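Participant: Next up, work.cif (mmCIF, C-alpha atoms).
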```
data_my_file
#
loop_
_atom_site.label_atom_id
_atom_site.label_comp_id
_atom_site.auth_asym_id
_atom_site.auth_seq_id
_atom_site.Cartn_x
_atom_site.Cartn_y
_atom_site.Cartn_z
CA MET A 29 18.00 -18.24 -18.57
CA GLU A 30 17.29 -14.60 -17.85
CA TRP A 31 17.14 -13.55 -14.20
CA THR A 32 15.76 -10.51 -12.40
CA VAL A 33 15.61 -9.11 -8.87
CA PHE A 34 12.21 -9.35 -7.20
CA GLY A 35 11.32 -7.32 -4.12
CA TRP A 36 8.38 -7.17 -1.74
CA ALA A 37 7.96 -5.86 1.81
CA GLY A 38 11.72 -5.46 2.28
CA ILE A 39 12.58 -8.97 1.04
CA GLU A 40 14.69 -9.21 -2.12
CA LEU A 41 15.76 -12.25 -4.14
CA GLU A 42 16.79 -13.24 -7.65
CA ILE A 43 14.28 -15.21 -9.72
CA PRO A 44 13.96 -16.38 -13.34
CA ALA A 45 12.39 -13.59 -15.40
CA THR A 46 9.52 -15.91 -16.45
CA TRP A 47 8.22 -16.16 -12.86
CA GLU A 48 5.47 -13.70 -12.12
CA LEU A 49 3.26 -12.72 -9.21
CA SER A 50 0.09 -14.85 -9.07
CA GLY A 51 -1.08 -14.79 -5.45
CA LEU A 52 -0.92 -12.17 -2.72
CA SER A 53 -2.39 -11.65 0.74
CA GLY A 54 -1.63 -9.93 4.02
CA ASP A 55 0.33 -6.73 4.48
CA GLN A 56 3.86 -5.47 4.94
CA LYS A 57 4.03 -6.88 8.47
CA THR A 58 2.62 -10.35 7.88
CA GLY A 59 1.80 -11.76 4.47
CA TYR A 60 2.12 -14.32 1.68
CA LEU A 61 2.82 -14.27 -2.04
CA ARG A 62 3.27 -16.81 -4.82
CA LEU A 63 5.15 -16.68 -8.10
CA ASP A 64 4.21 -18.90 -11.08
CA ASP A 65 5.63 -19.58 -14.51
CA ALA A 66 3.61 -20.78 -17.49
CA GLU A 67 3.56 -24.34 -16.14
CA MET A 68 3.10 -24.34 -12.37
CA PRO A 69 3.61 -22.51 -9.07
CA ARG A 70 7.35 -21.96 -8.57
CA LEU A 71 7.91 -19.99 -5.40
CA GLU A 72 6.04 -19.26 -2.19
CA LEU A 73 7.09 -16.57 0.26
CA LYS A 74 5.68 -16.03 3.75
CA TRP A 75 6.76 -13.46 6.29
CA ALA A 76 5.62 -12.57 9.80
CA HIS A 77 6.66 -10.15 12.50
CA THR A 78 7.90 -11.64 15.75
CA ARG A 79 8.79 -10.15 19.13
CA ARG A 80 10.86 -13.13 20.18
CA LYS A 81 14.61 -12.77 20.08
CA LYS A 82 15.06 -16.50 19.45
CA PRO A 83 11.87 -17.95 17.93
CA ASP A 84 11.49 -21.73 17.61
CA LEU A 85 11.92 -22.29 13.88
CA HIS A 86 11.25 -26.02 14.22
CA ALA A 87 7.83 -25.26 15.71
CA THR A 88 7.17 -22.89 12.81
CA LEU A 89 8.18 -25.63 10.39
CA ASP A 90 5.84 -28.12 12.11
CA GLU A 91 2.92 -25.76 11.47
CA TYR A 92 4.02 -25.26 7.88
CA PHE A 93 4.16 -29.02 7.25
CA LYS A 94 0.62 -29.30 8.67
CA LEU A 95 -0.61 -26.78 6.10
CA ILE A 96 1.04 -28.76 3.30
CA ARG A 97 -0.61 -31.99 4.45
CA LYS A 98 -4.02 -30.30 4.38
CA THR A 99 -3.60 -29.51 0.68
CA TYR A 100 -3.30 -33.22 -0.17
CA LYS A 101 -5.97 -35.90 0.03
CA LYS A 102 -5.71 -38.50 2.76
CA GLY A 103 -3.60 -41.46 1.72
CA THR A 104 -1.36 -39.41 -0.56
CA GLU A 105 2.26 -40.31 0.02
CA LEU A 106 4.21 -37.39 1.40
CA SER A 107 7.76 -37.27 2.70
CA PHE A 108 9.37 -34.46 4.70
CA ARG A 109 12.94 -33.61 5.68
CA ARG A 110 14.35 -30.92 7.93
CA ASN A 111 17.83 -29.66 8.78
CA VAL A 112 18.69 -29.78 5.08
CA ASN A 113 21.92 -27.89 4.41
CA PHE A 114 21.55 -25.99 1.12
CA ILE A 115 23.95 -23.10 1.72
CA LYS A 116 27.67 -23.65 2.26
CA GLU A 117 28.95 -20.06 2.53
CA GLU A 118 29.28 -18.88 6.14
CA GLU A 119 28.57 -15.29 5.11
CA PHE A 120 24.95 -16.25 4.41
CA PHE A 121 24.29 -17.08 8.05
CA LYS A 122 25.59 -13.84 9.55
CA GLY A 123 22.83 -12.00 11.37
CA ARG A 124 20.20 -14.69 10.85
CA THR A 125 19.16 -18.12 12.05
CA VAL A 126 18.43 -20.51 9.17
CA LEU A 127 16.64 -23.86 8.91
CA GLY A 128 16.48 -25.78 5.61
CA PHE A 129 13.76 -28.27 4.65
CA SER A 130 12.36 -30.25 1.75
CA TRP A 131 9.28 -32.30 0.97
CA LYS A 132 7.92 -34.47 -1.83
CA GLY A 133 4.40 -35.30 -2.97
CA SER A 134 3.07 -34.80 -6.49
CA ILE A 135 5.81 -32.16 -6.76
CA ARG A 136 9.13 -31.54 -5.01
CA ALA A 137 9.93 -28.50 -2.91
CA ASN A 138 12.99 -27.10 -1.17
CA GLY A 139 12.74 -24.35 1.37
CA LEU A 140 14.35 -22.16 4.01
CA ILE A 141 13.02 -20.67 7.20
CA PHE A 142 15.14 -17.89 8.59
CA HIS A 143 14.88 -15.34 11.36
CA THR A 144 16.50 -11.94 11.12
CA GLY A 145 15.73 -8.80 13.09
CA LYS A 146 12.03 -8.90 13.95
CA ARG A 147 10.87 -11.10 11.07
CA ILE A 148 10.52 -14.80 10.28
CA THR A 149 10.59 -15.57 6.56
CA ILE A 150 9.79 -18.80 4.72
CA VAL A 151 10.83 -19.20 1.09
CA GLN A 152 9.95 -22.35 -0.84
CA VAL A 153 10.89 -23.23 -4.44
CA MET A 154 8.89 -25.93 -6.24
CA GLY A 155 9.53 -28.15 -9.25
CA ARG A 156 8.37 -31.30 -11.01
CA LEU A 157 9.53 -34.67 -9.61
CA LYS A 158 12.05 -35.40 -12.37
CA GLU A 159 13.06 -31.82 -13.02
CA ASN A 160 16.69 -30.84 -12.48
CA TRP A 161 16.01 -27.52 -10.81
CA ARG A 162 18.60 -27.61 -8.00
CA PRO A 163 20.84 -24.91 -9.60
CA ILE A 164 17.81 -22.60 -9.71
CA VAL A 165 16.96 -23.37 -6.09
CA LEU A 166 20.47 -22.57 -4.92
CA ARG A 167 20.64 -19.28 -6.81
CA VAL A 168 17.31 -18.16 -5.37
CA PHE A 169 18.29 -19.14 -1.83
CA GLU A 170 21.76 -17.60 -1.99
CA SER A 171 20.33 -14.29 -3.22
CA ILE A 172 17.57 -13.79 -0.64
CA THR A 173 18.08 -10.84 1.70
CA ASP A 174 15.97 -8.97 4.22
CA ARG A 175 16.46 -5.26 3.54
CA GLY A 176 13.87 -3.91 5.91
CA ASP A 177 16.27 -1.21 7.13
CA ALA A 178 17.41 -0.05 3.67
CA PRO A 179 16.62 3.59 2.73
CA LEU A 180 14.44 2.41 -0.17
CA THR A 181 12.14 -0.63 -0.22
CA LEU A 182 11.94 -2.49 -3.53
CA TRP A 183 8.48 -3.46 -4.83
CA SER A 184 8.05 -5.55 -8.01
CA ALA A 185 5.12 -6.70 -10.15
CA TYR A 186 4.66 -7.44 -13.85
CA GLY A 187 7.87 -5.80 -14.99
CA LEU A 188 7.49 -2.75 -12.75
CA LYS A 189 10.15 -2.18 -10.11
CA LEU A 190 10.10 0.82 -7.81
CA GLY A 191 12.08 1.96 -4.80
CA VAL A 192 10.04 3.66 -2.07
CA PRO A 193 11.41 5.45 1.04
CA LYS A 194 11.20 3.02 3.95
CA GLU A 195 8.94 5.28 6.03
CA TYR A 196 6.13 4.60 3.51
CA LYS A 197 4.12 1.43 4.11
CA LEU A 198 2.05 -0.28 1.45
CA GLU A 199 -1.68 0.20 2.06
CA ARG A 200 -3.18 -1.28 -1.09
CA GLN A 201 -2.40 -2.35 -4.62
CA LYS A 202 -4.21 -3.08 -7.88
CA LEU A 203 -2.44 -5.45 -10.25
CA LEU A 204 -4.35 -5.59 -13.53
CA SER A 205 -3.17 -6.26 -17.08
CA GLY A 206 -3.54 -2.63 -18.20
CA TYR A 207 -3.19 -0.87 -14.87
CA LEU A 208 -0.94 -1.17 -11.83
CA LEU A 209 -1.30 0.78 -8.60
CA PHE A 210 0.87 0.85 -5.50
CA ALA A 211 -0.51 3.13 -2.75
CA PHE A 212 1.57 3.95 0.33
CA ALA A 213 1.20 5.99 3.51
CA ALA A 214 3.87 7.36 5.81
CA LYS A 215 3.59 7.36 9.58
CA PRO A 216 1.60 10.30 10.98
CA VAL A 217 3.58 13.25 12.22
CA HIS A 218 2.38 14.00 15.76
CA PHE A 219 2.91 17.45 17.15
CA GLN A 220 4.39 17.34 20.64
CA LYS A 221 3.13 20.75 21.66
CA ALA A 222 -0.25 22.36 21.24
CA VAL A 223 -0.20 25.41 18.99
CA LYS A 224 -2.31 28.33 20.09
CA PHE A 225 -4.09 28.80 16.80
CA ALA A 226 -7.43 29.43 18.44
CA LYS A 227 -5.75 32.21 20.36
CA LEU A 228 -4.34 33.68 17.16
CA ALA A 229 -7.61 33.32 15.32
CA SER A 230 -9.35 35.31 18.05
CA SER A 231 -6.72 38.06 18.03
CA ARG A 232 -7.25 41.54 16.66
CA LEU A 233 -5.01 44.18 15.18
CA GLY A 234 -3.63 46.70 17.65
CA LYS A 235 -1.76 49.88 17.10
CA ASN A 236 1.08 49.85 14.57
CA GLY A 237 -0.20 46.58 13.16
CA SER A 238 0.59 44.51 16.26
CA VAL A 239 -1.51 41.51 17.20
CA GLU A 240 -3.36 41.68 20.51
CA ASN A 241 -4.56 38.53 22.28
CA ARG A 242 -8.21 38.11 23.09
CA GLY A 243 -8.14 34.61 24.49
CA GLU A 244 -5.95 31.82 25.79
CA VAL A 245 -7.71 28.85 24.20
CA THR A 246 -5.22 26.31 22.82
CA SER A 247 -5.61 23.35 20.51
CA PRO A 248 -3.14 21.08 18.70
CA LEU A 249 -2.73 21.20 14.95
CA PRO A 250 -4.04 18.12 13.17
CA SER A 251 -1.47 15.43 12.44
CA ASP A 252 -0.30 14.95 8.88
CA LYS A 253 0.00 11.69 7.02
CA GLY A 254 2.05 11.70 3.84
CA ARG A 255 0.76 9.64 0.94
CA LEU A 256 2.47 8.28 -2.11
CA SER A 257 1.15 6.41 -5.12
CA VAL A 258 2.71 4.91 -8.23
CA GLU A 259 0.54 4.02 -11.22
CA ARG A 260 1.25 2.48 -14.60
CA TYR A 261 -1.20 2.70 -17.50
CA GLY A 262 -1.08 0.98 -20.86
CA PRO A 263 -1.11 1.08 -23.74
CA ALA A 264 -0.29 4.81 -23.81
CA GLU A 265 -1.59 5.41 -27.33
CA VAL A 266 -5.03 4.23 -26.26
CA MET A 267 -4.99 6.42 -23.13
CA LEU A 268 -4.03 9.51 -25.14
CA ASN A 269 -6.15 8.90 -28.22
CA ASP A 270 -8.88 11.37 -27.20
CA TYR A 271 -6.29 14.11 -26.69
CA LYS A 272 -4.10 13.64 -29.77
CA ASP A 273 -5.30 16.94 -31.31
CA THR A 274 -4.34 19.03 -28.24
CA PRO A 275 -1.00 20.88 -27.99
CA ASN A 276 0.18 18.53 -25.22
CA PRO A 277 -1.78 15.24 -25.18
CA LEU A 278 -0.05 13.95 -22.03
CA GLU A 279 -0.88 17.06 -20.00
CA ALA A 280 -4.43 17.18 -21.36
CA TRP A 281 -4.95 13.54 -20.40
CA PHE A 282 -3.52 14.17 -16.94
CA ARG A 283 -5.73 17.21 -16.26
CA ALA A 284 -8.82 15.25 -17.25
CA LYS A 285 -7.87 12.05 -15.44
CA TYR A 286 -6.72 13.73 -12.22
CA ALA A 287 -9.08 16.71 -12.14
CA LYS A 288 -10.41 15.71 -8.73
CA ALA A 289 -6.95 15.09 -7.29
CA ILE A 290 -5.61 18.53 -8.22
CA ARG A 291 -8.75 20.46 -7.30
CA GLY A 292 -7.99 22.96 -4.54
CA TYR A 293 -4.28 23.17 -5.36
CA GLY A 294 -2.28 25.84 -7.10
CA PHE A 295 0.64 24.40 -9.03
CA GLU A 296 3.16 24.99 -11.78
CA VAL A 297 3.92 22.61 -14.63
CA THR A 298 7.36 22.01 -16.10
CA SER A 299 8.32 19.69 -18.95
CA ASP A 300 11.57 17.81 -19.46
CA THR A 301 12.67 18.36 -23.02
CA ASP A 302 16.06 16.69 -22.52
CA SER A 303 14.56 13.27 -21.86
CA ALA A 304 13.93 10.71 -24.58
CA ASP A 305 10.49 10.18 -23.04
CA GLU A 306 7.88 12.89 -22.66
CA ARG A 307 7.93 13.95 -18.98
CA LEU A 308 5.95 16.42 -16.88
CA THR A 309 6.43 17.59 -13.30
CA LEU A 310 3.68 19.38 -11.37
CA ILE A 311 4.50 21.05 -8.06
CA GLY A 312 1.89 22.82 -5.96
CA GLU A 313 0.34 23.38 -2.60
CA GLN A 314 -3.10 23.67 -1.11
CA THR A 315 -4.94 26.94 -1.71
CA ARG A 316 -6.90 28.57 1.14
CA LEU A 317 -9.91 30.82 1.30
CA TYR A 318 -7.93 33.75 2.69
CA ASP A 319 -5.28 33.64 -0.06
CA GLY A 320 -4.99 37.09 -1.54
CA VAL A 321 -5.90 38.92 1.69
CA PRO A 322 -3.20 41.60 2.18
CA PHE A 323 -2.93 41.08 5.94
CA SER A 324 -4.85 39.03 8.43
CA PRO A 325 -4.19 37.59 11.89
CA VAL A 326 -5.05 34.25 10.32
CA LEU A 327 -1.86 34.48 8.27
CA ALA A 328 0.11 33.97 11.46
CA LEU A 329 -1.49 30.56 11.75
CA ASP A 330 -0.64 29.87 8.10
CA LYS A 331 3.04 30.20 8.95
CA LEU A 332 2.72 27.71 11.80
CA SER A 333 0.68 25.11 9.99
CA LYS A 334 2.32 23.87 6.81
CA ARG A 335 0.17 23.81 3.75
CA THR A 336 -0.35 20.43 2.15
CA ALA A 337 2.16 19.99 -0.66
CA LEU A 338 1.32 18.10 -3.84
CA ALA A 339 3.72 16.80 -6.45
CA PHE A 340 3.24 14.75 -9.59
CA HIS A 341 5.83 13.32 -11.93
CA LEU A 342 4.54 11.55 -15.02
CA TRP A 343 5.96 10.38 -18.28
CA ARG A 344 5.11 8.46 -21.39
CA CYS A 345 7.62 5.70 -22.03
CA SER A 346 7.86 5.48 -25.81
CA HIS A 347 9.66 2.12 -25.75
CA SER A 348 7.13 0.27 -23.56
CA ASN A 349 4.11 2.35 -24.70
CA ARG A 350 3.03 3.01 -21.09
CA ILE A 351 2.30 6.01 -18.89
CA TYR A 352 3.75 6.28 -15.39
CA VAL A 353 2.29 8.60 -12.76
CA ILE A 354 3.88 9.19 -9.36
CA GLN A 355 2.00 11.29 -6.82
CA SER A 356 3.16 12.53 -3.41
CA ILE A 357 1.00 14.51 -1.00
CA GLY A 358 1.77 15.81 2.49
CA SER A 359 3.51 18.64 4.31
CA THR A 360 6.94 17.08 3.74
CA ASP A 361 9.07 17.54 0.63
CA ALA A 362 6.72 16.03 -1.95
CA ARG A 363 8.93 17.01 -4.86
CA SER A 364 11.97 15.19 -3.48
CA THR A 365 9.88 12.08 -2.83
CA VAL A 366 8.53 11.76 -6.38
CA GLN A 367 11.98 12.39 -7.81
CA LYS A 368 13.48 9.58 -5.70
CA VAL A 369 10.79 7.12 -6.77
CA ALA A 370 10.91 8.17 -10.44
CA LYS A 371 14.67 7.68 -10.50
CA SER A 372 14.27 4.11 -9.23
CA ILE A 373 11.95 3.06 -12.07
CA GLU A 374 13.27 1.70 -15.34
CA CYS A 375 10.31 1.78 -17.68
CA HIS A 376 11.91 -0.48 -20.29
#
```
Translate the structure described by the file into structure tokens.
Facilitator:
Amino acid sequence: MEWTVFGWAGIELEIPATWELSGLSGDQKTGYLRLDDAEMPRLELKWAHTRRKKPDLHATLDEYFKLIRKTYKKGTELSFRRNVNFIKEEEFFKGRTVLGFSWKGSIRANGLIFHTGKRITIVQVMGRLKENWRPIVLRVFESITDRGDAPLTLWSAYGLKLGVPKEYKLERQKLLSGYLLFAFAAKPVHFQKAVKFAKLASSRLGKNGSVENRGEVTSPLPSDKGRLSVERYGPAEVMLNDYKDTPNPLEAWFRAKYAKAIRGYGFEVTSDTDSADERLTLIGEQTRLYDGVPFSPVLALDKLSKRTALAFHLWRCSHSNRIYVIQSIGSTDARSTVQKVAKSIECH
């Protein structure tokens, strides 16, 4: 059996490669997901933020059992067990409180509830009544980790795995057969001090090119919120078919597809000829109306307020016949961000 590492919202675990995402709700703080194979649901994962240092896991399990009972018709025979000891290694319990459980109805399920840091997580693996799936259960359970404090957060769906800097939180996703999107936002950067840009804007040139104040009005610069997105398109040959007669079909497709996104930015394009896959990197920053003015008091403000940076890294994976597009926007180092994410992705 082939296995793979699955990651979502800072939780990582090993699963059979045939299990795939089939249900999803909530957000990075509190949410739920389900993985199915071709036959049935195989794994359920729930996570929730808690402020309690020692939450009552038995009370959480009581509520979980109530939800299971609601999914069955009255009169259906159900049996439940708690305090089930699945894990023998002491190392597994370091830094977390763990409670094992199992239940049986029309299917069988084994599960763990554990508390670590500020999160309660429930993982449940399901199988048919006469199925010998205990080795699978144990491997899944023994592999599960909460990596909420890791530098990169792993996100997985339909063969795509990407590592995203932990300061970026998932805002939305689209998981379609020919198109995947993960969209993230970083925390806003709040300026602690007001910058006197109104004062500078109302200044005038004095003798010898000096700037003379004409007012004392102050106002803070707007806060910035970095954004990051990762997209996967397929099949690539279909996406690029209309541009096959151009000198660079991938760049022509990109300019047409992302015309709105790059409008208002000046950027340079570089290609990676050493890679087996066709790759392009676009680095730029926001253009402004006073660009090209030899000297202006407004330029002083331009030095104080960072221009919005924009970076794209895209490539056509010849082996998987897909196109990957990573976009970073904000006043931080957009180029470094897209490079980190691109390096984390194995396209085949």
Participant: Check which residues satisfy the PyMOL selection byres ((chain A and resi 96) around 12) in the file shown, then give them as a list of chain:residue names.
Facilitator: A:Leu89, A:Asp90, A:Glu91, A:Tyr92, A:Phe93, A:Lys94, A:Leu95, A:Arg97, A:Lys98, A:Thr99, A:Tyr100, A:Lys101, A:Lys102, A:Thr104, A:Leu106, A:Ser107, A:Phe108, A:Ser130, A:Trp131, A:Lys132, A:Gly133, A:Ser134, A:Ile135, A:Arg136, A:Ala137, A:Gln152
Participant: Env of stretch 345-357 of chain A: 9 Å cut, atoms = only C-alpha atoms, seq-sep filter 5 positions within chain, self excluded. Answer as a PDB file with C-alpha atoms, in the frame of the given file.
Facilitator:
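Saved the output as around_25.pdb:
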```pdb
ATOM      1  CA  LYS A 253       0.000  11.690   7.020  1.00  0.00           C
ATOM      2  CA  GLY A 254       2.050  11.700   3.840  1.00  0.00           C
ATOM      3  CA  ARG A 255       0.760   9.640   0.940  1.00  0.00           C
ATOM      4  CA  LEU A 256       2.470   8.280  -2.110  1.00  0.00           C
ATOM      5  CA  SER A 257       1.150   6.410  -5.120  1.00  0.00           C
ATOM      6  CA  VAL A 258       2.710   4.910  -8.230  1.00  0.00           C
ATOM      7  CA  GLU A 259       0.540   4.020 -11.220  1.00  0.00           C
ATOM      8  CA  ARG A 260       1.250   2.480 -14.600  1.00  0.00           C
ATOM      9  CA  TYR A 261      -1.200   2.700 -17.500  1.00  0.00           C
ATOM     10  CA  GLY A 262      -1.080   0.980 -20.860  1.00  0.00           C
ATOM     11  CA  PRO A 263      -1.110   1.080 -23.740  1.00  0.00           C
ATOM     12  CA  ALA A 264      -0.290   4.810 -23.810  1.00  0.00           C
ATOM     13  CA  GLU A 265      -1.590   5.410 -27.330  1.00  0.00           C
ATOM     14  CA  MET A 267      -4.990   6.420 -23.130  1.00  0.00           C
ATOM     15  CA  LEU A 278      -0.050  13.950 -22.030  1.00  0.00           C
ATOM     16  CA  ALA A 304      13.930  10.710 -24.580  1.00  0.00           C
ATOM     17  CA  ASP A 305      10.490  10.180 -23.040  1.00  0.00           C
ATOM     18  CA  GLU A 306       7.880  12.890 -22.660  1.00  0.00           C
ATOM     19  CA  ARG A 307       7.930  13.950 -18.980  1.00  0.00           C
ATOM     20  CA  THR A 336      -0.350  20.430   2.150  1.00  0.00           C
ATOM     21  CA  ALA A 337       2.160  19.990  -0.660  1.00  0.00           C
ATOM     22  CA  LEU A 338       1.320  18.100  -3.840  1.00  0.00           C
ATOM     23  CA  ALA A 339       3.720  16.800  -6.450  1.00  0.00           C
ATOM     24  CA  PHE A 340       3.240  14.750  -9.590  1.00  0.00           C
ATOM     25  CA  ALA A 362       6.720  16.030  -1.950  1.00  0.00           C
ATOM     26  CA  ARG A 363       8.930  17.010  -4.860  1.00  0.00           C
ATOM     27  CA  THR A 365       9.880  12.080  -2.830  1.00  0.00           C
ATOM     28  CA  VAL A 366       8.530  11.760  -6.380  1.00  0.00           C
ATOM     29  CA  GLN A 367      11.980  12.390  -7.810  1.00  0.00           C
ATOM     30  CA  VAL A 369      10.790   7.120  -6.770  1.00  0.00           C
ATOM     31  CA  ALA A 370      10.910   8.170 -10.440  1.00  0.00           C
ATOM     32  CA  CYS A 375      10.310   1.780 -17.680  1.00  0.00           C
ATOM     33  CA  HIS A 376      11.910  -0.480 -20.290  1.00  0.00           C
TER      34      HIS A 376
END
```
Participant: Atom CA of A:Phe212 and atom CA of A:Ala280 are how many Å apart?
Facilitator: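 One can read the atom CA of A:Phe212 to atom CA of A:Ala280 distance as 26.1 Å.
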Participant: List as a list in words the residues having at least one atom at most 9 Å from position (9.9, -14.9, 7.5) as given in the file, counting only C-alpha atoms.
Facilitator: Thr58, Leu73, Lys74, Trp75, Ala76, His77, Ile141, Phe142, His143, Thr144, Arg147, Ile148, Thr149, Ile150 and Val151 of chain A
Participant: Suppose you want the space between atom CA of A:Lys81 and atom CA of A:Lys146; what is it in Å?
Facilitator: 7.7 Å
Participant: Evaluate the PyMOL selection byres ((chain A and resi 188-200) around 6) and record the selected residues as a CSV table (one decimal) with C-alpha atoms, keeping the file's coordinate frame, following the chain and residue labels used in the document.
Facilitator:
```csv
chain,number,residue,atom,x,y,z
A,179,PRO,CA,16.6,3.6,2.7
A,180,LEU,CA,14.4,2.4,-0.2
A,181,THR,CA,12.1,-0.6,-0.2
A,182,LEU,CA,11.9,-2.5,-3.5
A,183,TRP,CA,8.5,-3.5,-4.8
A,184,SER,CA,8.0,-5.6,-8.0
A,185,ALA,CA,5.1,-6.7,-10.2
A,186,TYR,CA,4.7,-7.4,-13.8
A,187,GLY,CA,7.9,-5.8,-15.0
A,201,GLN,CA,-2.4,-2.4,-4.6
A,211,ALA,CA,-0.5,3.1,-2.8
A,212,PHE,CA,1.6,4.0,0.3
A,213,ALA,CA,1.2,6.0,3.5
A,214,ALA,CA,3.9,7.4,5.8
A,369,VAL,CA,10.8,7.1,-6.8
A,372,SER,CA,14.3,4.1,-9.2
A,373,ILE,CA,12.0,3.1,-12.1
```
Participant: From the options A:Arg79, A:Arg344, A:Arg162, A:Lys57, which residue's atoms come nearest to A:Glu279, counting all atoms listed in the file?
Facilitator: A:Arg344
Participant: Please evaluate the PyMOL selection byres ((chain A and resi 314) around 8) against the structure above and give the resulting residues as a count of residues only.
Facilitator: 11
Participant: Interatomic distance between atom CA of A:Tyr286 and atom CA of A:Leu52?
Facilitator: 28.2 Å
Participant: Restricting the calculation to only C-alpha atoms: of A:Leu41, A:Glu119, A:Asp361, A:Trp47, which residue gets closest to A:Asp64?
Facilitator: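 Selected residue with least distance to A:Asp64: A:Trp47.
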Participant: Using all atoms listed in the file, what residues lie at most 10 Å away from (22.6, -14.9, 13.8) (file coordinates), given as a VMD selection string?
Facilitator: chain A and resid 82 120 to 126 142 to 145
Participant: Go through A:Ala178, A:Ile164, A:Lys288, A:Ile172 one by one, measure the shortest atom-to-atom distance of each to A:Phe34 using only C-alpha atoms, and give the residue with the smallest value.
Facilitator: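 Checking each of A:Ala178, A:Ile164, A:Lys288, A:Ile172 against A:Phe34, counting only C-alpha atoms, the winner is A:Ile172.
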